[in-house]
Amino acid sequence: MPFQTEPAFKHGQAPRTAIVLCNLGTPDEPTAPALRRYLAEFLGDPRVVEIPRALWMLILHGIILRVRPKKSAAKYASIWTPEGSPLKVWTEKQATLLRGYLGERGHQVTVRYAMRYGNPSIPSVLDELKAQGVTRVLVLSAYPQYSGTTTASVIDAVSTWSQKIRHIPELRFVNRYHDDLGYIDALHRKVRAHWMHHGQGDHLVMSFHGVPERTLHLGDPYHCECLKTARMLAEKLGLAKDDYTVTFQSRFGKAKWLEPYTEPTLVALAQKGLKSVDVVCPGFTSDCLETLEEIRMEAQEAFKHAGGQRFEYIDCLNDSPDWIRALADLSEKHLQGWPTKQADDPMQLVASRERALARGAKD
Ligand SMILES: C=CC1=C(C)c2cc3[nH]c(cc4nc(cc5[nH]c(cc1n2)c(C)c5CCC(=O)O)C(CCC(=O)O)=C4C)c(C)c3C=C
Ligand SMILES: [Fe+2]
Ligand SMILES: [Fe+2]
């Protein structure tokens, strides 16, 4: 296999570090053709749908990609903003803010965001970083809970890219932070701030994205990590067991997914007489189709239709300063041993002195 051409190797170049904040991805626009491209890539990933390949390709291309793009495009149109898809807008903002926070702490790191499906793609971002001379990459997934369907797929994309590279940068992956104290604290503050402004409902539903239940029995830690996040958040909020329910949303297809399902749970709670509920989606670090349309719109309607009166959707972490601080702390933890402050790294000091001398010679 031919490898990508490298620029000539130069001795004495200072190491350069980058962080890539990877999220799931989103269509380029809320139209059926854009959705077809996005869903073909997403649902064609064997990490996402684990059924025999030939059969799945027939179903995907023969049925799903003929029907779903139009329906999904209409849903995306209902949450689209002038700046684009919320998922992309928030992820981009998080990357910019993370760069700023780390810069304030004296770190010289490049921070980029990338999307596992759609744009900017993981390989395109890694190509760009490599062209800029980046020698160390910390891959930080936007998924706090590890799942084979998401986190592992990001790792696959980076590994596939590296297979065509001769001089591979040092790579590190943050696989999970479901129990990271900064993440839990940021969630807790988000919920508390919402209660302060809108009052506290009679019950809190914590809704996580679902996965097929089979993956749990096959050893995927996702379910356990969601439950741990929920337990820690509940403890921090001072909630008793009866004050909250953990649910799973976004079921796809006919197979059994993790239960209890979010919308039927909300309907059952309303039918039992619950009038007032708060819903938070702790596994989503950015608002997106699944939170804004499926929860804030659809689930709210179902809850009220079943007799509920007050439904408060609590925004995702998005650009909350507590969250960006947690991201910066997490990054610092995983950057250890990769000097990113000039004073830490003699090579950087030499390189910067040489640059200064070269500038002096020119001036
Ligand atoms: C087909 C199976 C799917 C699995 C498994 C799955 C896991 C999974 N997804 C997220 C996070 C997000 N998913 C989003 C959208 C979305 N998810 C699926 C299917 C599966 N997800 C589809 C088909 C879609 C697209 C929309 C649609 O047509 O319904 C999103 C939102 C993206 C956006 O653009 O806003 C997120 C985020 C996680 C965390 C996860 C497993 C843990
Ligand atoms: Fe999904
Ligand atoms: Fe959905």
# chains A, B, ... in the order shown; residues from 1 in each chain; ligands from 1

$ residues_around --residues "segment 35-42 of chain A" --least-positions-apart "5" --cutoff "10 Å" --atoms "only C-alpha atoms" --output "PyMOL selection string"
chain A and resi 24-30+47-49+57+60-61+64-73+76+116-119

$ residues_near_ligand --ligand "ligand 2" --cutoff "8 Å" --atoms "only C-alpha atoms and all ligand atoms" --output "tab-separated table (two decimals) with N, CA and C atoms, in the first residue's frame"
chain	number	residue	atom	x	y	z
A	209	HIS	N	-28.64	8.10	25.34
A	209	HIS	CA	-28.86	7.45	24.04
A	209	HIS	C	-28.84	5.94	24.26
A	210	GLY	N	-29.73	5.22	23.61
A	210	GLY	CA	-29.75	3.76	23.75
A	210	GLY	C	-28.76	3.07	22.81
A	250	SER	N	-33.89	7.07	21.61
A	250	SER	CA	-33.41	6.96	20.22
A	250	SER	C	-33.31	5.54	19.70
A	290	GLU	N	-31.15	14.56	18.74
A	290	GLU	CA	-31.70	13.61	19.70
A	290	GLU	C	-32.22	14.28	20.97

$ select_by_dssp --residues "segment 117-310 of chain A" --states "helix (DSSP H, G or I)" --output "ChimeraX atom specification"
/A:122-131,151-162,181-198,213-217,222-237,241-243,262-271,289-292,294-305

$ closest_residue --among "A:Tyr146, A:Trp323, A:Phe248, A:Tyr222" --to "ligand 3" --atoms "only C-alpha atoms and all ligand atoms"
A:Phe248

$ residues_near_ligand --ligand "ligand 3" --cutoff "8 Å" --atoms "only C-alpha atoms and all ligand atoms" --output "list of chain:residue names"
A:Gln249, A:Ser250, A:Arg251, A:Phe252, A:Leu289, A:Glu290, A:Glu293, A:Glu294

$ write_last_selection --atoms "C-alpha atoms" --output "PDB file, in the first residue's frame"
ATOM      1  CA  GLN A 249     -33.808   6.990  24.019  1.00  0.00           C
ATOM      2  CA  SER A 250     -33.406   6.962  20.224  1.00  0.00           C
ATOM      3  CA  ARG A 251     -34.212   3.322  19.616  1.00  0.00           C
ATOM      4  CA  PHE A 252     -33.527   2.307  16.019  1.00  0.00           C
ATOM      5  CA  LEU A 289     -31.287  16.283  17.032  1.00  0.00           C
ATOM      6  CA  GLU A 290     -31.699  13.611  19.702  1.00  0.00           C
ATOM      7  CA  GLU A 293     -36.242  17.229  18.609  1.00  0.00           C
ATOM      8  CA  GLU A 294     -36.701  13.822  20.202  1.00  0.00           C
TER       9      GLU A 294
END

$ closest_atom_pairs --of "segment 57-166 of chain A" --to "segment 270-283 of chain A" --cutoff "10 Å" --atoms "only C-alpha atoms" --output "tab-separated table"
residue	atom	partner	partner_atom	distance
A:Ala142	CA	A:Gly283	CA	9.1
A:Tyr143	CA	A:Gly283	CA	6.7
A:Pro144	CA	A:Gly283	CA	6.3
A:Gln145	CA	A:Gly283	CA	6.9

$ atom_distance --atom1 "atom CA of Thr245 of chain A" --atom2 "atom CA of Asp202 of chain A"
11.6 Å

$ closest_residue --among "A:Pro33, A:Thr229, A:Pro260, A:Ser286" --to "Lys93 of chain A" --atoms "only C-alpha atoms"
A:Ser286

$ atom_distance --atom1 "atom CA of Leu269 of chain A" --atom2 "atom CA of Glu235 of chain A"
22.0 Å

$ residues_around --residues "Ala186 of chain A" --least-positions-apart "3" --cutoff "7 Å" --atoms "only C-alpha atoms" --output "list in words"
Gly182, Tyr183, Arg189, Lys190, Asp322 and Trp323 of chain A

$ atom_distance --atom1 "atom CA of His178 of chain A" --atom2 "atom CA of Thr96 of chain A"
22.7 Å

$ select_by_dssp --residues "segment 132-321 of chain A" --states "strand (DSSP E)" --output "number ranges by chain"
A: 136-141, 170-174, 203-209, 244-249, 276-280, 310-314

$ closest_residue --among "A:His167, A:Gln309, A:Gly44, A:Glu354" --to "Gln13 of chain A" --atoms "only C-alpha atoms"
A:Glu354

$ closest_residue --among "A:Leu292, A:Val246, A:Ala230, A:Ala240" --to "ligand 1" --atoms "only C-alpha atoms and all ligand atoms"
A:Leu292

$ closest_residue --among "A:Gln336, A:Ser331, A:Thr17, A:Thr291" --to "Asp315 of chain A" --atoms "only C-alpha atoms"
A:Thr291

$ closest_residue --among "A:Ala234, A:Ala358, A:Val191, A:Val211" --to "ligand 1" --atoms "only C-alpha atoms and all ligand atoms"
A:Val211
